[in-house]
>>> print(open('protein.cif').read())   # mmCIF, C-alpha atoms and all ligand atoms
data_model
loop_
_atom_site.label_atom_id
_atom_site.label_comp_id
_atom_site.auth_asym_id
_atom_site.auth_seq_id
_atom_site.Cartn_x
_atom_site.Cartn_y
_atom_site.Cartn_z
CA MET A 336 4.84 40.27 167.04
CA PRO A 337 5.19 37.49 164.45
CA ARG A 338 7.59 34.66 165.17
CA TYR A 339 10.64 34.41 162.99
CA ASP A 340 13.09 31.58 162.58
CA TYR A 341 16.00 34.03 162.79
CA LEU A 342 16.49 37.49 164.17
CA ILE A 343 19.63 38.91 162.56
CA VAL A 344 21.20 41.87 164.34
CA GLY A 345 23.24 43.96 161.89
CA SER A 346 22.97 44.23 158.12
CA GLY A 347 26.71 44.25 157.37
CA LEU A 348 28.17 41.50 155.22
CA PHE A 349 27.99 38.86 157.93
CA GLY A 350 24.34 39.50 158.72
CA SER A 351 23.36 39.88 155.06
CA VAL A 352 25.15 36.73 153.90
CA PHE A 353 23.60 34.72 156.74
CA ALA A 354 20.19 36.22 155.92
CA HIS A 355 20.58 35.14 152.29
CA GLU A 356 21.63 31.61 153.23
CA ALA A 357 18.71 31.23 155.66
CA THR A 358 16.11 32.79 153.33
CA ARG A 359 17.08 30.57 150.42
CA ARG A 360 16.52 27.57 152.71
CA GLY A 361 12.96 28.76 153.30
CA LYS A 362 13.58 30.28 156.74
CA LYS A 363 11.71 33.34 157.90
CA CYS A 364 14.19 36.04 158.90
CA LEU A 365 13.96 39.49 160.38
CA LEU A 366 17.09 41.59 160.02
CA ILE A 367 17.41 44.73 162.15
CA ASP A 368 19.99 47.49 161.98
CA LYS A 369 20.43 50.56 164.12
CA ARG A 370 21.56 52.62 161.12
CA ASN A 371 19.15 54.15 158.60
CA HIS A 372 20.45 51.93 155.78
CA ALA A 373 21.50 48.33 155.20
CA GLY A 374 24.99 47.14 154.21
CA GLY A 375 27.04 48.06 157.28
CA ASN A 376 30.41 49.54 156.38
CA ILE A 377 30.22 48.71 152.68
CA TYR A 378 27.31 51.10 152.19
CA CYS A 379 27.69 53.68 149.39
CA GLU A 380 25.88 56.98 149.00
CA LYS A 381 25.30 58.48 145.53
CA VAL A 382 26.67 62.01 145.29
CA GLU A 383 26.98 63.73 141.89
CA GLU A 384 26.26 60.30 140.33
CA ILE A 385 29.35 58.91 142.08
CA ASN A 386 29.22 55.99 144.55
CA VAL A 387 30.80 57.44 147.68
CA HIS A 388 32.13 54.79 150.07
CA LYS A 389 30.53 56.32 153.13
CA TYR A 390 32.52 54.37 155.72
CA GLY A 391 35.92 54.37 153.99
CA ALA A 392 37.36 52.93 150.79
CA HIS A 393 36.39 49.30 150.20
CA ILE A 394 38.24 47.20 147.63
CA PHE A 395 37.16 43.62 147.25
CA HIS A 396 39.95 41.04 146.95
CA THR A 397 40.18 37.33 147.58
CA ASN A 398 41.99 34.14 146.69
CA ASP A 399 38.91 32.09 147.39
CA LYS A 400 37.14 31.18 144.14
CA ALA A 401 33.99 30.11 145.96
CA VAL A 402 33.71 33.55 147.62
CA TRP A 403 34.46 35.32 144.31
CA ASP A 404 31.80 33.28 142.48
CA PHE A 405 29.37 33.91 145.32
CA VAL A 406 29.66 37.73 145.18
CA ASN A 407 29.64 37.72 141.37
CA SER A 408 26.36 35.84 141.42
CA PHE A 409 24.74 39.02 142.79
CA VAL A 410 26.64 41.71 140.88
CA GLU A 411 29.39 41.78 138.28
CA PHE A 412 32.74 43.17 139.50
CA ASN A 413 34.98 45.51 137.48
CA ARG A 414 38.76 45.14 137.00
CA TYR A 415 39.80 47.84 139.49
CA THR A 416 43.24 47.15 140.99
CA ASN A 417 44.16 49.06 144.10
CA SER A 418 47.49 50.91 143.71
CA PRO A 419 47.70 53.59 146.39
CA VAL A 420 50.35 56.28 146.23
CA ALA A 421 52.06 57.46 149.43
CA GLU A 422 53.17 61.01 150.10
CA TYR A 423 55.95 61.76 152.59
CA LYS A 424 57.37 65.28 152.93
CA GLY A 425 56.16 66.32 149.49
CA LYS A 426 57.56 63.26 147.66
CA ARG A 427 55.42 60.48 146.23
CA TYR A 428 56.11 56.75 146.46
CA ASN A 429 54.31 53.73 145.08
CA LEU A 430 52.76 51.16 147.41
CA PRO A 431 52.91 48.38 148.37
CA PHE A 432 56.68 48.14 148.83
CA ASN A 433 57.93 47.05 145.42
CA MET A 434 60.64 47.81 142.83
CA ASN A 435 59.03 51.18 142.02
CA THR A 436 59.22 52.19 145.70
CA PHE A 437 62.80 50.96 146.07
CA TYR A 438 63.83 52.92 142.94
CA GLN A 439 62.09 56.07 144.18
CA LEU A 440 63.74 55.75 147.61
CA TRP A 441 67.23 54.57 146.74
CA GLY A 442 67.69 54.65 142.96
CA VAL A 443 68.16 50.86 142.84
CA LYS A 444 67.04 49.34 139.56
CA THR A 445 67.40 45.56 139.82
CA PRO A 446 65.88 43.10 142.29
CA LYS A 447 69.40 42.15 143.39
CA GLU A 448 70.31 45.76 144.18
CA ALA A 449 67.01 46.19 146.03
CA LYS A 450 67.49 42.99 148.03
CA ASP A 451 71.05 43.97 148.99
CA LYS A 452 69.92 47.42 150.10
CA LEU A 453 66.98 45.98 152.07
CA ALA A 454 69.25 43.42 153.71
CA THR A 455 71.55 46.23 154.85
CA GLU A 456 68.59 48.27 156.14
CA ILE A 457 67.14 45.27 157.96
CA GLY A 458 70.56 44.36 159.38
CA LEU A 459 70.97 47.88 160.80
CA ALA A 460 67.66 47.50 162.65
CA ARG A 461 68.97 44.40 164.52
CA VAL A 462 65.62 42.82 165.39
CA GLU A 463 65.86 39.13 166.29
CA LYS A 464 62.34 38.03 167.09
CA PRO A 465 59.70 40.69 166.29
CA VAL A 466 57.07 40.96 169.00
CA ASN A 467 55.35 44.22 168.02
CA LEU A 468 54.46 46.18 164.88
CA GLU A 469 57.59 48.36 164.96
CA GLN A 470 59.92 45.37 165.23
CA GLN A 471 57.95 43.45 162.61
CA ALA A 472 58.17 46.37 160.16
CA LEU A 473 61.88 46.88 160.82
CA SER A 474 62.58 43.21 160.22
CA LEU A 475 60.53 43.21 156.98
CA VAL A 476 61.70 46.47 155.35
CA GLY A 477 64.31 48.14 157.62
CA LYS A 478 64.66 51.61 159.07
CA ASP A 479 64.34 53.93 156.04
CA ILE A 480 60.98 52.58 154.82
CA TYR A 481 59.73 52.21 158.38
CA GLU A 482 60.43 55.85 159.16
CA LYS A 483 59.16 57.31 155.89
CA LEU A 484 56.19 55.14 155.02
CA ILE A 485 55.08 53.23 158.12
CA LYS A 486 55.74 54.83 161.50
CA GLY A 487 53.84 58.13 161.03
CA TYR A 488 50.88 56.54 159.26
CA THR A 489 50.60 53.71 161.75
CA GLU A 490 50.87 55.83 164.88
CA LYS A 491 48.24 58.31 163.75
CA GLN A 492 45.97 55.52 162.46
CA TRP A 493 46.09 53.60 165.73
CA GLY A 494 46.68 56.48 168.19
CA ARG A 495 49.46 54.67 170.02
CA PRO A 496 53.16 53.86 169.57
CA ALA A 497 53.96 51.15 167.02
CA THR A 498 55.76 49.32 169.81
CA GLU A 499 52.37 48.75 171.49
CA LEU A 500 50.65 47.33 168.40
CA PRO A 501 50.44 43.70 167.30
CA ALA A 502 52.85 42.60 164.57
CA PHE A 503 50.17 41.04 162.35
CA ILE A 504 48.78 44.42 161.21
CA ILE A 505 51.81 45.19 159.08
CA LYS A 506 51.98 41.70 157.57
CA ARG A 507 48.93 42.73 155.54
CA LEU A 508 51.20 44.72 153.22
CA PRO A 509 53.11 42.83 150.50
CA VAL A 510 56.84 43.34 149.86
CA ARG A 511 57.81 42.32 146.33
CA PHE A 512 60.72 42.55 143.93
CA THR A 513 58.80 43.26 140.73
CA TYR A 514 57.61 46.60 139.33
CA ASP A 515 54.05 45.84 140.41
CA ASN A 516 51.94 48.38 142.33
CA ASN A 517 49.01 46.04 143.02
CA TYR A 518 48.27 46.48 146.74
CA PHE A 519 47.02 42.91 147.06
CA ASN A 520 48.47 39.53 146.15
CA ASP A 521 45.06 37.93 145.70
CA ARG A 522 43.94 36.31 142.48
CA TYR A 523 40.57 38.12 142.31
CA GLN A 524 39.99 41.83 142.85
CA GLY A 525 37.47 44.50 141.85
CA ILE A 526 34.59 46.78 142.74
CA PRO A 527 30.92 45.87 142.11
CA ILE A 528 29.77 47.57 138.91
CA GLY A 529 27.16 50.07 140.07
CA GLY A 530 28.39 49.97 143.68
CA TYR A 531 28.30 47.81 146.80
CA ASN A 532 24.62 48.50 147.48
CA LYS A 533 23.82 46.16 144.60
CA LEU A 534 25.53 43.36 146.50
CA THR A 535 23.60 44.17 149.68
CA ASP A 536 20.29 44.42 147.78
CA GLY A 537 20.91 41.02 146.16
CA LEU A 538 21.80 39.38 149.46
CA LEU A 539 18.73 40.77 151.22
CA GLU A 540 16.17 39.92 148.55
CA GLY A 541 13.22 38.20 150.21
CA CYS A 542 14.35 39.07 153.73
CA GLU A 543 12.40 41.41 155.99
CA VAL A 544 14.54 44.37 157.05
CA GLN A 545 13.82 46.90 159.78
CA LEU A 546 16.15 49.92 159.96
CA ASN A 547 16.72 52.51 162.73
CA THR A 548 16.29 49.69 165.23
CA ASP A 549 18.81 49.02 167.98
CA TYR A 550 18.68 45.51 169.42
CA PHE A 551 19.57 46.87 172.85
CA SER A 552 16.63 49.28 172.87
CA ASP A 553 14.32 46.36 173.70
CA ARG A 554 16.36 43.24 174.02
CA GLY A 555 13.68 41.05 175.56
CA LYS A 556 11.28 41.78 172.73
CA TRP A 557 13.84 41.00 170.05
CA ASP A 558 15.01 37.79 171.73
CA ASN A 559 11.41 36.60 171.84
CA ALA A 560 10.84 37.42 168.19
CA ALA A 561 12.79 34.44 166.86
CA ASP A 562 14.04 30.97 167.69
CA CYS A 563 17.63 31.89 166.96
CA VAL A 564 19.58 35.16 167.04
CA VAL A 565 22.48 35.99 164.72
CA PHE A 566 24.39 38.75 166.46
CA THR A 567 26.92 40.95 164.65
CA GLY A 568 27.04 43.89 167.08
CA HIS A 569 29.53 44.56 169.90
CA ILE A 570 30.16 41.38 171.89
CA ASP A 571 31.08 43.29 175.07
CA GLN A 572 27.76 45.16 174.96
CA TYR A 573 25.95 41.84 174.46
CA TYR A 574 27.38 40.72 177.82
CA ASP A 575 26.77 44.08 179.56
CA TYR A 576 30.50 44.89 179.61
CA GLN A 577 30.92 42.49 182.54
CA PHE A 578 34.61 41.90 181.80
CA GLY A 579 35.26 45.51 180.72
CA GLN A 580 34.88 47.51 177.53
CA LEU A 581 36.77 46.56 174.37
CA GLU A 582 38.63 49.37 172.61
CA TYR A 583 38.33 50.42 168.97
CA ARG A 584 39.71 53.05 166.64
CA SER A 585 37.22 55.33 165.00
CA LEU A 586 37.45 57.55 161.92
CA LYS A 587 36.09 60.88 160.79
CA PHE A 588 35.34 61.47 157.13
CA GLU A 589 35.40 64.90 155.52
CA HIS A 590 33.68 64.71 152.12
CA GLN A 591 34.11 67.46 149.53
CA ILE A 592 32.52 67.91 146.12
CA LEU A 593 35.05 69.50 143.77
CA ASN A 594 34.34 71.19 140.51
CA THR A 595 36.87 69.21 138.50
CA ASP A 596 36.64 65.87 136.74
CA ASN A 597 39.90 64.53 138.19
CA HIS A 598 41.45 65.85 141.39
CA GLN A 599 44.23 63.45 142.37
CA GLY A 600 44.53 61.00 139.48
CA ASN A 601 44.19 57.97 141.76
CA ALA A 602 41.54 56.52 144.06
CA VAL A 603 43.78 56.42 147.15
CA VAL A 604 46.63 58.67 148.30
CA ASN A 605 48.16 57.88 151.71
CA TYR A 606 49.83 60.62 153.78
CA THR A 607 52.47 58.88 155.84
CA GLU A 608 53.80 61.87 157.85
CA ARG A 609 52.68 62.18 161.46
CA ASP A 610 52.08 65.92 161.04
CA VAL A 611 49.43 65.59 158.31
CA PRO A 612 46.30 64.95 160.43
CA TYR A 613 44.55 62.62 157.96
CA THR A 614 45.82 59.23 156.81
CA ARG A 615 44.45 59.14 153.28
CA THR A 616 42.41 60.95 150.66
CA ILE A 617 39.97 58.98 148.55
CA GLU A 618 38.69 60.08 145.13
CA HIS A 619 35.72 57.74 144.79
CA LYS A 620 35.02 57.98 141.05
CA HIS A 621 38.29 56.19 140.23
CA PHE A 622 36.98 52.95 141.80
CA GLU A 623 34.52 52.73 138.92
CA PHE A 624 36.51 54.60 136.22
CA GLY A 625 33.95 57.41 136.48
CA THR A 626 33.65 60.12 133.84
CA GLN A 627 31.34 62.50 135.74
CA ALA A 628 31.97 66.25 135.41
CA LYS A 629 32.57 66.71 139.16
CA THR A 630 34.40 64.64 141.74
CA VAL A 631 34.02 63.69 145.42
CA VAL A 632 37.14 63.54 147.59
CA THR A 633 37.18 62.29 151.18
CA LYS A 634 39.83 62.97 153.80
CA GLU A 635 40.02 60.15 156.35
CA TYR A 636 41.01 61.27 159.86
CA PRO A 637 41.76 58.69 162.57
CA ASP A 638 39.77 59.33 165.73
CA GLU A 639 39.77 58.11 169.32
CA TRP A 640 36.78 55.83 169.86
CA THR A 641 34.30 56.48 172.66
CA THR A 642 30.85 54.97 173.20
CA GLY A 643 28.43 56.23 170.57
CA LYS A 644 31.04 56.73 167.84
CA GLU A 645 31.37 54.23 164.99
CA ALA A 646 33.77 51.43 165.96
CA TYR A 647 35.85 50.77 162.85
CA TYR A 648 38.93 48.87 163.92
CA PRO A 649 39.36 46.47 166.86
CA VAL A 650 42.57 47.18 168.79
CA ASN A 651 43.91 43.66 169.13
CA ASP A 652 46.55 44.37 171.78
CA GLU A 653 47.18 42.20 174.84
CA ARG A 654 44.66 43.87 177.15
CA ASN A 655 41.81 43.74 174.65
CA THR A 656 42.64 40.20 173.56
CA ARG A 657 42.47 39.04 177.19
CA ILE A 658 39.06 40.67 177.64
CA TYR A 659 37.75 39.39 174.31
CA GLU A 660 38.74 35.79 175.15
CA LYS A 661 36.46 35.93 178.20
CA TYR A 662 33.49 37.12 176.14
CA LYS A 663 34.27 34.50 173.51
CA ALA A 664 34.17 31.76 176.14
CA LEU A 665 30.68 32.93 177.18
CA SER A 666 29.52 33.10 173.56
CA LYS A 667 30.55 29.47 173.01
CA GLN A 668 28.02 28.40 175.65
CA GLU A 669 25.07 30.00 173.85
CA GLU A 670 22.79 27.49 172.14
CA HIS A 671 20.54 29.85 170.22
CA VAL A 672 22.87 32.70 169.35
CA ILE A 673 25.38 32.79 166.51
CA PHE A 674 28.09 35.46 166.81
CA GLY A 675 29.82 36.73 163.67
CA GLY A 676 31.40 39.70 161.91
CA ARG A 677 34.05 42.22 162.86
CA LEU A 678 32.37 43.54 166.01
CA ALA A 679 31.13 40.30 167.54
CA THR A 680 34.39 38.40 166.95
CA TYR A 681 36.61 41.45 167.55
CA GLN A 682 38.76 40.63 164.52
CA TYR A 683 40.33 42.85 161.84
CA TYR A 684 38.69 40.91 159.00
CA ASP A 685 38.38 41.93 155.36
CA MET A 686 35.16 41.49 153.38
CA HIS A 687 36.09 38.17 151.80
CA GLN A 688 36.95 36.74 155.22
CA ILE A 689 33.64 37.89 156.67
CA ILE A 690 31.75 36.35 153.73
CA ALA A 691 33.65 33.06 154.05
CA SER A 692 32.98 32.97 157.79
CA ALA A 693 29.26 33.71 157.32
CA LEU A 694 28.92 31.00 154.67
CA LYS A 695 30.71 28.56 156.94
CA ALA A 696 28.58 29.49 159.95
CA ALA A 697 25.41 29.01 157.90
CA ASN A 698 26.56 25.70 156.39
CA VAL A 699 27.50 24.28 159.79
CA HIS A 700 24.33 25.57 161.42
CA PHE A 701 21.97 24.16 158.78
CA ALA A 702 23.86 20.86 158.57
CA VAL A 703 23.48 20.40 162.34
CA GLU A 704 19.80 21.32 162.06
CA GLN A 705 19.30 18.72 159.33
CA ILE A 706 20.96 16.01 161.42
CA GLY A 707 18.74 17.04 164.37
CA ASN A 708 15.65 16.72 162.17
CA GLN A 709 16.65 13.22 161.10
CA ILE A 710 17.10 11.92 164.63
P1 LIG B 1 29.71 45.84 159.71
O1 LIG B 1 29.82 46.19 158.28
O2 LIG B 1 30.34 46.75 160.72
O3 LIG B 1 28.16 45.69 160.05
C1 LIG B 1 27.67 45.59 161.35
C2 LIG B 1 26.25 46.17 161.33
O4 LIG B 1 25.63 45.88 162.58
C3 LIG B 1 26.23 47.68 161.16
O5 LIG B 1 25.37 48.04 160.10
C4 LIG B 1 25.71 48.19 162.49
O6 LIG B 1 24.93 49.37 162.38
C5 LIG B 1 24.88 47.01 162.98
N1 LIG B 1 24.72 46.94 164.42
C6 LIG B 1 25.70 46.93 165.36
N2 LIG B 1 25.16 46.87 166.58
C7 LIG B 1 23.82 46.84 166.41
C8 LIG B 1 22.73 46.81 167.33
N3 LIG B 1 22.91 46.82 168.65
N4 LIG B 1 21.47 46.80 166.82
C9 LIG B 1 21.26 46.84 165.47
N5 LIG B 1 22.27 46.88 164.58
C10 LIG B 1 23.52 46.89 165.04
N6 LIG B 1 37.59 45.05 153.69
C11 LIG B 1 38.06 44.70 152.48
O7 LIG B 1 37.94 43.54 152.10
N7 LIG B 1 38.65 45.62 151.65
C12 LIG B 1 38.79 46.92 152.00
O8 LIG B 1 39.32 47.72 151.21
C13 LIG B 1 38.31 47.33 153.27
N8 LIG B 1 38.44 48.60 153.66
C14 LIG B 1 37.97 48.99 154.88
C15 LIG B 1 38.09 50.32 155.24
C16 LIG B 1 37.62 50.75 156.48
C17 LIG B 1 37.76 52.18 156.85
C18 LIG B 1 37.01 49.80 157.36
C19 LIG B 1 36.52 50.25 158.70
C20 LIG B 1 36.87 48.48 157.00
C21 LIG B 1 37.36 48.05 155.76
N9 LIG B 1 37.22 46.73 155.33
C22 LIG B 1 37.70 46.35 154.12
C23 LIG B 1 36.58 45.71 156.20
C24 LIG B 1 35.09 45.54 155.92
O9 LIG B 1 34.41 46.74 156.19
C25 LIG B 1 34.56 44.44 156.82
O10 LIG B 1 35.26 43.24 156.65
C26 LIG B 1 33.06 44.12 156.64
O11 LIG B 1 32.34 45.17 156.10
C27 LIG B 1 32.53 43.75 157.98
O12 LIG B 1 31.20 43.31 157.90
P2 LIG B 1 30.44 43.01 159.28
O13 LIG B 1 29.12 42.46 158.94
O14 LIG B 1 31.31 42.23 160.18
O15 LIG B 1 30.30 44.42 160.04
N1 LIG B 2 50.31 51.15 156.70
C1 LIG B 2 51.39 52.00 156.73
N2 LIG B 2 51.55 52.88 155.70
C2 LIG B 2 50.71 52.96 154.66
C3 LIG B 2 49.61 52.07 154.62
C4 LIG B 2 49.43 51.17 155.66
O1 LIG B 2 52.16 51.98 157.67
O2 LIG B 2 50.91 53.80 153.77
C5 LIG B 2 50.14 50.20 157.83
C6 LIG B 2 49.23 50.76 158.93
O3 LIG B 2 49.72 50.29 160.17
C7 LIG B 2 47.90 50.14 158.60
C8 LIG B 2 48.33 48.75 158.12
O4 LIG B 2 49.55 49.00 157.39
O5 LIG B 2 47.06 50.08 159.73
C9 LIG B 2 47.33 48.05 157.23
O6 LIG B 2 47.09 48.86 156.09
P1 LIG B 2 45.80 48.71 155.20
O7 LIG B 2 45.95 49.61 154.02
O8 LIG B 2 45.57 47.26 154.97
O9 LIG B 2 44.72 49.32 156.19
P2 LIG B 2 43.12 49.39 156.15
O10 LIG B 2 42.72 49.60 154.71
O11 LIG B 2 42.64 48.12 156.75
O12 LIG B 2 42.84 50.57 157.00
#
>>> encode(input="protein.cif", output="structure tokens", more="lines below")
Ligand code: FAD
Ligand code: UDP
Amino acid sequence: MPRYDYLIVGSGLFGSVFAHEATRRGKKCLLIDKRNHAGGNIYCEKVEEINVHKYGAHIFHTNDKAVWDFVNSFVEFNRYTNSPVAEYKGKRYNLPFNMNTFYQLWGVKTPKEAKDKLATEIGLARVEKPVNLEQQALSLVGKDIYEKLIKGYTEKQWGRPATELPAFIIKRLPVRFTYDNNYFNDRYQGIPIGGYNKLTDGLLEGCEVQLNTDYFSDRGKWDNAADCVVFTGHIDQYYDYQFGQLEYRSLKFEHQILNTDNHQGNAVVNYTERDVPYTRTIEHKHFEFGTQAKTVVTKEYPDEWTTGKEAYYPVNDERNTRIYEKYKALSKQEEHVIFGGRLATYQYYDMHQIIASALKAANVHFAVEQIGNQI
């Protein structure tokens, strides 16, 4: 077994960005992934010439110019702007919550009318200090929007009452008083032209990659393969679940090829009623303004997570946070292991945040190394 400078466990964005940063500094890296492809959850599969987001819709957005310039140095991004439509009991509403939504719900036309109506709705909810997702939503948008567009979606997505979920999840969604359906407030947004695999391929150029390889299948061997390990897998598994197992939400995807060039007229349609078993339908071609003859549509079903299923979302409630803090304390004592990414830090991070954190981890790590070399 050759010696490597770095063994990187997981080829998602954290692992791939770190691999790129190490490789360009002349380090010898081996990146392993238990899946049969690189890229982690941003991986796309070509079906009918359409890039299908295999692990759920991914829209890149950021306010960070350095991160935007970084990703654009590997692949050019298009001008896609995410504007999901929500369906509740047969009626359609624009998202995020904006003047279009307020008009569709209440017939209000001016920002003042909308603000007055929202103030009344929020007042009726009587929440003083929001401590959970339900209270946070009620204090942001009031009862009507909460019941039609949030409660059902949230409770099926997370598989538990909104009163047991952390407030921060709902703060992701903007509320604005302009007729603007852009789901994000960020300055930069788009989809890589030609798909996300181009980004992964660019990041991993020059790095040795071994797929279908689980770190835990032979941990001793992998630890001995390199001087330093970059670990982006499950942190609780890394520590043999000694403080208990962390919980996740999983998803099931039902992909369908349809014999039409345009099925739903939008990339993302959310179904906010509890009784519709899926949360959203994705028509992938619209991410890249596709003109193919056929289309691929994916229904996204929330799923209870158990060992062996894909862990998509950390459940950052009190119990899991307490457990995670214990693992984190252990991870801080490691001298030759860097932990990063959604699974190893148990955080609900978007792509730009993962990239920023990987760049920062690499910069700090190599700066410390340089100081060490000078002493
Ligand atoms: P991952 O992509 O999960 O990669 C981890 C990799 O490690 C995987 O390939 C896994 O197979 C591998 N691995 C794990 N354990 C082991 C092991 N023991 N041995 C070997 N390999 C292992 N972000 C956005 O910015 N915009 C969006 O629109 C967006 N939409 C999303 C939609 C969904 C449904 C989900 C789940 C996430 C979404 N995200 C979005 C978040 C985005 O996916 C993440 O921020 C990012 O991809 C995380 O990268 P990562 O490297 O942390 O983890
Ligand atoms: N959400 C909702 N209704 C919607 C869309 C989102 O209530 O139509 C809530 C839900 O709790 C979800 C959270 O907002 O988990 C964050 O939504 P986002 O679209 O950012 O979710 P992601 O793409 O990360 O799954």
>>> residues_near_ligand(input="protein.cif", ligand="ligand LIG 2 (chain B)", cutoff="6 Å", atoms="all atoms listed in the file", output="PDB file with C-alpha atoms, in the frame of the given file")
ATOM      1  CA  ALA A 421      52.060  57.460 149.430  1.00  0.00           C
ATOM      2  CA  LEU A 484      56.190  55.140 155.020  1.00  0.00           C
ATOM      3  CA  ILE A 485      55.080  53.230 158.120  1.00  0.00           C
ATOM      4  CA  LYS A 486      55.740  54.830 161.500  1.00  0.00           C
ATOM      5  CA  TYR A 488      50.880  56.540 159.260  1.00  0.00           C
ATOM      6  CA  THR A 489      50.600  53.710 161.750  1.00  0.00           C
ATOM      7  CA  ILE A 504      48.780  44.420 161.210  1.00  0.00           C
ATOM      8  CA  ILE A 505      51.810  45.190 159.080  1.00  0.00           C
ATOM      9  CA  ARG A 507      48.930  42.730 155.540  1.00  0.00           C
ATOM     10  CA  ASN A 605      48.160  57.880 151.710  1.00  0.00           C
ATOM     11  CA  THR A 607      52.470  58.880 155.840  1.00  0.00           C
TER      12      THR A 607
END
>>> residues_around(input="protein.cif", residues="region 545-554 of chain A", least_positions_apart="6", cutoff="8 Å", atoms="all atoms listed in the file", output="ChimeraX atom specification")
/A:344,365-373
>>> residues_around(input="protein.cif", residues="Lys629 (chain A)", least_positions_apart="3", cutoff="12 Å", atoms="only C-alpha atoms", output="PyMOL selection string")
chain A and resi 382-385+591-598+618-620+625-626+632
>>> residues_near_ligand(input="protein.cif", ligand="ligand LIG 1 (chain B)", cutoff="7 Å", atoms="all atoms listed in the file", output="mmCIF file with C-alpha atoms, in the frame of the given file")
data_model
loop_
_atom_site.group_PDB
_atom_site.id
_atom_site.type_symbol
_atom_site.label_atom_id
_atom_site.label_comp_id
_atom_site.auth_asym_id
_atom_site.auth_seq_id
_atom_site.Cartn_x
_atom_site.Cartn_y
_atom_site.Cartn_z
ATOM 1 C CA VAL A 344 21.200 41.870 164.340
ATOM 2 C CA GLY A 345 23.240 43.960 161.890
ATOM 3 C CA SER A 346 22.970 44.230 158.120
ATOM 4 C CA GLY A 347 26.710 44.250 157.370
ATOM 5 C CA LEU A 348 28.170 41.500 155.220
ATOM 6 C CA PHE A 349 27.990 38.860 157.930
ATOM 7 C CA GLY A 350 24.340 39.500 158.720
ATOM 8 C CA ILE A 367 17.410 44.730 162.150
ATOM 9 C CA ASP A 368 19.990 47.490 161.980
ATOM 10 C CA LYS A 369 20.430 50.560 164.120
ATOM 11 C CA ARG A 370 21.560 52.620 161.120
ATOM 12 C CA ALA A 373 21.500 48.330 155.200
ATOM 13 C CA GLY A 374 24.990 47.140 154.210
ATOM 14 C CA GLY A 375 27.040 48.060 157.280
ATOM 15 C CA ASN A 376 30.410 49.540 156.380
ATOM 16 C CA ILE A 377 30.220 48.710 152.680
ATOM 17 C CA TYR A 390 32.520 54.370 155.720
ATOM 18 C CA GLY A 391 35.920 54.370 153.990
ATOM 19 C CA ALA A 392 37.360 52.930 150.790
ATOM 20 C CA HIS A 393 36.390 49.300 150.200
ATOM 21 C CA ILE A 394 38.240 47.200 147.630
ATOM 22 C CA PHE A 395 37.160 43.620 147.250
ATOM 23 C CA HIS A 396 39.950 41.040 146.950
ATOM 24 C CA THR A 548 16.290 49.690 165.230
ATOM 25 C CA ASP A 549 18.810 49.020 167.980
ATOM 26 C CA TYR A 550 18.680 45.510 169.420
ATOM 27 C CA PHE A 551 19.570 46.870 172.850
ATOM 28 C CA THR A 567 26.920 40.950 164.650
ATOM 29 C CA GLY A 568 27.040 43.890 167.080
ATOM 30 C CA HIS A 569 29.530 44.560 169.900
ATOM 31 C CA TYR A 647 35.850 50.770 162.850
ATOM 32 C CA TYR A 648 38.930 48.870 163.920
ATOM 33 C CA GLY A 675 29.820 36.730 163.670
ATOM 34 C CA GLY A 676 31.400 39.700 161.910
ATOM 35 C CA ARG A 677 34.050 42.220 162.860
ATOM 36 C CA LEU A 678 32.370 43.540 166.010
ATOM 37 C CA TYR A 684 38.690 40.910 159.000
ATOM 38 C CA ASP A 685 38.380 41.930 155.360
ATOM 39 C CA MET A 686 35.160 41.490 153.380
ATOM 40 C CA HIS A 687 36.090 38.170 151.800
ATOM 41 C CA GLN A 688 36.950 36.740 155.220
ATOM 42 C CA ILE A 689 33.640 37.890 156.670
#
>>> atom_distance(input="protein.cif", atom1="CA of Asn417 (chain A)", atom2="CA of Asn520 (chain A)")
10.7 Å
>>> closest_residue(input="protein.cif", among="A:Arg615, A:Leu342, A:Tyr423, A:Phe624", to="Gly600 (chain A)", atoms="only C-alpha atoms")
A:Phe624
>>> residues_around(input="protein.cif", residues="Asn407 (chain A)", least_positions_apart="6", cutoff="10 Å", atoms="all atoms listed in the file", output="PDB file with C-alpha atoms, in the frame of the given file")
ATOM      1  CA  ALA A 401      33.990  30.110 145.960  1.00  0.00           C
ATOM      2  CA  PRO A 527      30.920  45.870 142.110  1.00  0.00           C
ATOM      3  CA  LEU A 534      25.530  43.360 146.500  1.00  0.00           C
TER       4      LEU A 534
END
>>> atom_distance(input="protein.cif", atom1="CA of Lys450 (chain A)", atom2="CA of Thr513 (chain A)")
11.4 Å
>>> atom_distance(input="protein.cif", atom1="CA of Lys444 (chain A)", atom2="CA of Ala602 (chain A)")
26.9 Å
>>> closest_residue(input="protein.cif", among="A:Arg360, A:Lys483, A:Lys533, A:Lys389", to="Arg609 (chain A)", atoms="all atoms listed in the file")
A:Lys483
>>> residues_around(input="protein.cif", residues="Thr416 (chain A)", least_positions_apart="4", cutoff="8 Å", atoms="all atoms listed in the file", output="list in words")
Asn517, Tyr518, Gln524 and Gly525 of chain A
>>> write_last_selection(input="protein.cif", atoms="C-alpha atoms", output="PDB file, in the coordinates of the input")
ATOM      1  CA  ASN A 517      49.010  46.040 143.020  1.00  0.00           C
ATOM      2  CA  TYR A 518      48.270  46.480 146.740  1.00  0.00           C
ATOM      3  CA  GLN A 524      39.990  41.830 142.850  1.00  0.00           C
ATOM      4  CA  GLY A 525      37.470  44.500 141.850  1.00  0.00           C
TER       5      GLY A 525
END
